[in-house]
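Please read the structure below before turning to the comments.
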Amino acid sequence: MSQIIISSPPNPAPLARPLTMTFGDNALLSLLLGDHDRHLARIEQRLGVRLACRGNRISISGTPEQMAVAEAALAALYRQLERGEMIDGPKVDAVLRMTDPATEPRLPLSDMPAIRTRKGAVGPRSNGQAAYMELLAKHEMVFAMGPAGTGKTYLAVAQAVAMLTSGKVDRIVLSRPAVEAGERLGFLPGDMKEKVDPYLRPLYDALNEMLPGEQFTKRLTTGEIEIAPLAFMRGRTLAHAFVILDEAQNTTPVQMKMFLTRMGEGTRMVITGDLSQIDLPPNTRSGLADALETLEGIQGIGVARFANSDVVRHPLVGRIVEAYDQRHAAAKEHAREKQG
């Protein structure tokens, strides 16, 4: 294994002299930098540090706290390259989230969980994702809540594919309630599959990333992968399956109870949703909120709650979610003041 040498002054002054990292493999260092040093520029922009590369050394300038995070991020990215993994912009962002001292990771980066599929290992890109992946591995039923872009569905599908391809379950069943997101689409032409496919497209997209195209099509044809609207679950018992209910905030309490009681021998269930994005008719209680109030704390059930800091899409998505949340909180506070 190539070596990283880190050097700094023995008695750092208040202004903190630059810290220098020395890397043992120039080929890996080139990948660490990225084309035109774009990975270094990304780290500089996110952390507010200054990075300079000369030869096989990178010097880091900034506050002691900033330099410590940059050092940990660069070391973690370099270790990924040593393991044969490739890095890109999203992976750089993921490592920066995981090394942020404000989030206090529970485990060293090298010990973070991974879901292994035939298309490679899927690792966490935030501490919330790491906790979620541990719940997926340990619990028979997991509820996952949080804003869009936190990987709730993607990681559940990854776990399902890993368990199917390793023979731990016989099939995958994916479901969503067919509720329109604030729109009225009117009559949809075609047979039943063509009518419900638009609602289930995010699940197709996740599966296509996990399985080669021909294998996905074959498993769909043989019934090893089933994608169906929630209404089709009534009256069934699902055994030895990995079952995912997506967009569960749009279920009613009756629908949610019906779905949860489909669980059979050897089955895992994951229920995902975002309680801030309920598209049910006014005054209709969400089955997801109702289930959490009723079931949280029961042995065998895990609950993962994601925050805006866990959003792993474009950084702007996280800022958009945060802005909407702040406006919503301000409106609620204003309403309370008026009532008071």
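By order in the structure tokens, chains are A, B, ...; within a chain, residues start at 1; ligands start at 1, following the order shown.
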Exercise. Within 8 Å of segment 48-50 of chain A, counting only C-alpha atoms, which residues show up once you throw out same-chain ones fewer than 2 positions away? Write them as an MDAnalysis selection string, please.
Key: chainID A and resid 43:46 52 60:63 66:67 70
Let's see if you can do this: from backbone DSSP, list all strand (DSSP E or B) residues in segment 121-277 of chain A, as a compact mmCIF listing (two decimals) with N, CA and C atoms, in the first residue's frame.
```txt
# COMPACT_ATOMS: atom_id res chain seq x y z
N ALA A 121 -19.96 -1.94 -5.16
CA ALA A 121 -20.39 -1.62 -3.81
C ALA A 121 -21.08 -0.26 -3.79
N VAL A 122 -22.17 -0.17 -3.04
CA VAL A 122 -22.88 1.09 -2.82
C VAL A 122 -22.61 1.51 -1.39
N MET A 141 -38.18 -4.81 9.25
CA MET A 141 -39.03 -3.73 8.75
C MET A 141 -38.38 -2.40 9.09
N VAL A 142 -38.26 -1.53 8.09
CA VAL A 142 -37.60 -0.23 8.29
C VAL A 142 -38.47 0.86 7.68
N PHE A 143 -38.73 1.90 8.45
CA PHE A 143 -39.36 3.12 7.94
C PHE A 143 -38.26 4.16 7.70
N ALA A 144 -38.31 4.81 6.55
CA ALA A 144 -37.32 5.85 6.22
C ALA A 144 -38.06 7.11 5.79
N MET A 145 -37.78 8.20 6.50
CA MET A 145 -38.46 9.47 6.22
C MET A 145 -37.44 10.57 6.00
N ARG A 171 -37.54 -12.88 -4.31
CA ARG A 171 -38.03 -11.87 -5.24
C ARG A 171 -38.07 -10.50 -4.59
N ILE A 172 -38.23 -9.51 -5.43
CA ILE A 172 -38.37 -8.12 -5.00
C ILE A 172 -39.76 -7.64 -5.42
N VAL A 173 -40.46 -7.01 -4.50
CA VAL A 173 -41.78 -6.43 -4.80
C VAL A 173 -41.70 -4.94 -4.48
N LEU A 174 -41.94 -4.12 -5.48
CA LEU A 174 -41.87 -2.67 -5.33
C LEU A 174 -43.24 -2.07 -5.57
N SER A 175 -43.65 -1.15 -4.70
CA SER A 175 -45.00 -0.61 -4.81
C SER A 175 -45.02 0.87 -4.44
N ARG A 176 -45.98 1.57 -5.02
CA ARG A 176 -46.25 2.97 -4.68
C ARG A 176 -47.75 3.20 -4.77
N ILE A 225 -38.81 -9.92 -10.04
CA ILE A 225 -39.02 -8.51 -9.71
C ILE A 225 -40.44 -8.17 -10.12
N GLU A 226 -41.20 -7.66 -9.16
CA GLU A 226 -42.59 -7.28 -9.42
C GLU A 226 -42.78 -5.83 -9.02
N ILE A 227 -43.35 -5.06 -9.91
CA ILE A 227 -43.63 -3.66 -9.63
C ILE A 227 -45.13 -3.45 -9.80
N ALA A 228 -45.78 -3.03 -8.72
CA ALA A 228 -47.25 -2.98 -8.76
C ALA A 228 -47.75 -1.83 -7.90
N PRO A 229 -48.89 -1.24 -8.28
CA PRO A 229 -49.50 -0.22 -7.43
C PRO A 229 -49.98 -0.83 -6.12
N LEU A 238 -46.89 -12.02 1.30
CA LEU A 238 -45.61 -11.95 0.60
C LEU A 238 -44.54 -12.63 1.45
N ALA A 241 -39.55 -12.41 0.40
CA ALA A 241 -39.47 -11.31 -0.55
C ALA A 241 -38.87 -10.08 0.14
N PHE A 242 -38.32 -9.19 -0.68
CA PHE A 242 -37.91 -7.87 -0.19
C PHE A 242 -38.93 -6.90 -0.78
N VAL A 243 -39.72 -6.26 0.09
CA VAL A 243 -40.85 -5.45 -0.34
C VAL A 243 -40.59 -3.99 0.03
N ILE A 244 -40.72 -3.11 -0.95
CA ILE A 244 -40.51 -1.68 -0.73
C ILE A 244 -41.78 -0.93 -1.08
N LEU A 245 -42.26 -0.12 -0.15
CA LEU A 245 -43.38 0.80 -0.41
C LEU A 245 -42.80 2.21 -0.45
N MET A 263 -46.91 -8.98 5.23
CA MET A 263 -45.59 -9.54 5.51
C MET A 263 -45.69 -11.02 5.88
N ARG A 268 -38.55 -9.05 4.12
CA ARG A 268 -38.10 -7.74 4.61
C ARG A 268 -39.00 -6.68 3.99
N MET A 269 -39.31 -5.65 4.78
CA MET A 269 -40.11 -4.54 4.27
C MET A 269 -39.42 -3.22 4.55
N VAL A 270 -39.45 -2.33 3.56
CA VAL A 270 -38.95 -0.96 3.73
C VAL A 270 -40.05 -0.01 3.27
N ILE A 271 -40.36 0.96 4.11
CA ILE A 271 -41.41 1.94 3.82
C ILE A 271 -40.76 3.31 3.80
N THR A 272 -40.80 4.01 2.66
CA THR A 272 -40.14 5.30 2.54
C THR A 272 -41.16 6.40 2.26
N GLY A 273 -40.85 7.61 2.68
CA GLY A 273 -41.75 8.72 2.42
C GLY A 273 -41.23 10.03 2.97
```
Practice problem: Tell me, as an NGL selection string, which residues lie within 10 Å of Asp100 of chain A, counting only C-alpha atoms; anything in the same chain fewer than 6 positions away does not count. | Solution: :A and (47 or 65-66 or 68-70 or 72-73 or 126-127)
Selection to disk with N, CA and C atoms, as a tab-separated table (two decimals), in the first residue's frame:
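Listed below is the output, part.tsv:
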```
chain	number	residue	atom	x	y	z
A	47	LEU	N	-14.86	23.91	1.67
A	47	LEU	CA	-14.28	24.05	3.00
A	47	LEU	C	-13.68	25.43	3.28
A	65	GLU	N	-9.21	23.97	12.10
A	65	GLU	CA	-10.38	23.11	11.89
A	65	GLU	C	-10.58	22.79	10.42
A	66	GLN	N	-10.44	23.81	9.56
A	66	GLN	CA	-10.60	23.59	8.12
A	66	GLN	C	-9.54	22.64	7.59
A	68	ALA	N	-7.94	20.31	9.21
A	68	ALA	CA	-8.17	18.95	9.71
A	68	ALA	C	-9.21	18.23	8.85
A	69	VAL	N	-10.29	18.95	8.46
A	69	VAL	CA	-11.32	18.33	7.63
A	69	VAL	C	-10.76	18.03	6.24
A	70	ALA	N	-10.02	18.99	5.67
A	70	ALA	CA	-9.45	18.79	4.33
A	70	ALA	C	-8.47	17.61	4.33
A	72	ALA	N	-8.49	14.98	6.36
A	72	ALA	CA	-9.25	13.73	6.49
A	72	ALA	C	-9.93	13.38	5.17
A	73	ALA	N	-10.46	14.39	4.46
A	73	ALA	CA	-11.14	14.14	3.19
A	73	ALA	C	-10.16	13.64	2.14
A	126	SER	N	-23.64	10.07	3.34
A	126	SER	CA	-23.88	10.96	4.47
A	126	SER	C	-23.97	10.08	5.70
A	127	ASN	N	-23.88	10.67	6.87
A	127	ASN	CA	-23.99	9.90	8.10
A	127	ASN	C	-25.40	9.35	8.29
```
Quiz item: Just how far from atom CA of Leu136 of chain A is atom CA of Thr222 of chain A, in Å to one decimal?
Solution: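 It comes out at 25.7 Å.
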Exercise. Using only C-alpha atoms, determine which residues lie at most 12 Å from segment 208-213 of chain A, disregarding the query and same-chain residues fewer than 4 positions distant; provide the list as an MDAnalysis selection string.
Key: chainID A and resid 115:122 154:162 164:165 201:204 217:220 225
Within 9 Å of Ile87 of chain A, counting only C-alpha atoms, which residues show up once you throw out same-chain ones fewer than 4 positions away? Write them as an mmCIF file with N, CA and C atoms, in the first residue's frame, please.
```cif
data_model
loop_
_atom_site.group_PDB
_atom_site.id
_atom_site.type_symbol
_atom_site.label_atom_id
_atom_site.label_comp_id
_atom_site.auth_asym_id
_atom_site.auth_seq_id
_atom_site.Cartn_x
_atom_site.Cartn_y
_atom_site.Cartn_z
ATOM 1 N N LEU A 31 -5.259 11.080 -10.090
ATOM 2 C CA LEU A 31 -6.704 10.825 -10.033
ATOM 3 C C LEU A 31 -7.349 11.582 -8.884
ATOM 4 N N LEU A 32 -6.618 11.724 -7.780
ATOM 5 C CA LEU A 32 -7.129 12.461 -6.623
ATOM 6 C C LEU A 32 -7.356 13.928 -6.978
ATOM 7 N N GLY A 34 -7.965 15.151 -10.010
ATOM 8 C CA GLY A 34 -8.997 15.319 -11.021
ATOM 9 C C GLY A 34 -8.494 16.127 -12.194
ATOM 10 N N LEU A 77 -10.290 9.943 0.328
ATOM 11 C CA LEU A 77 -10.408 9.802 -1.118
ATOM 12 C C LEU A 77 -9.232 9.011 -1.690
ATOM 13 N N GLN A 80 -9.729 5.357 -1.113
ATOM 14 C CA GLN A 80 -10.677 4.799 -2.072
ATOM 15 C C GLN A 80 -9.971 4.446 -3.382
ATOM 16 N N LEU A 81 -9.110 5.330 -3.840
ATOM 17 C CA LEU A 81 -8.359 5.066 -5.070
ATOM 18 C C LEU A 81 -7.440 3.860 -4.900
ATOM 19 N N LYS A 91 -18.719 11.865 -5.229
ATOM 20 C CA LYS A 91 -17.984 11.133 -4.195
ATOM 21 C C LYS A 91 -17.146 12.081 -3.348
ATOM 22 N N VAL A 92 -16.613 13.123 -3.965
ATOM 23 C CA VAL A 92 -15.888 14.129 -3.186
ATOM 24 C C VAL A 92 -16.844 14.800 -2.205
#
```
Practice problem: Please measure the separation of atom CA of Asn56 of chain A and atom CA of Arg125 of chain A, giving the value in Å to one decimal. | Solution: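 The value is 27.7 Å.
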Quiz item: Smallest atom-to-atom distance to Ala291 of chain A: which of A:Gly266, A:Gly235, A:Pro253, A:Gly24, using only C-alpha atoms?
Solution: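 Using only C-alpha atoms, the shortest distance to Ala291 of chain A belongs to A:Pro253.
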Quiz prompt | Counting only C-alpha atoms, the residue of A:Ala178, A:Ala304, A:Ala330, A:Leu316 that sits nearest Met133 of chain A | solution =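 Using only C-alpha atoms, the shortest distance to Met133 of chain A belongs to A:Ala304.
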Practice problem: Report the distance between atom CA of Leu200 of chain A and atom CA of Phe232 of chain A in Å, rounded to one decimal place. | Solution: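 Between atom CA of Leu200 of chain A and atom CA of Phe232 of chain A the gap works out to 13.4 Å.
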Exercise. Choose the residue, out of A:Gln215, A:Val303, A:Gly149, A:Lys138, that has the smallest atom-to-atom separation from Ile320 of chain A; count only C-alpha atoms.
Key: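 Closest candidate: A:Gly149.
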Exercise. Considering only C-alpha atoms, state which residue in the set A:Asn250, A:Asn308, A:Thr20, A:Gln326 is at the smallest distance from Leu74 of chain A.
Key: A:Thr20
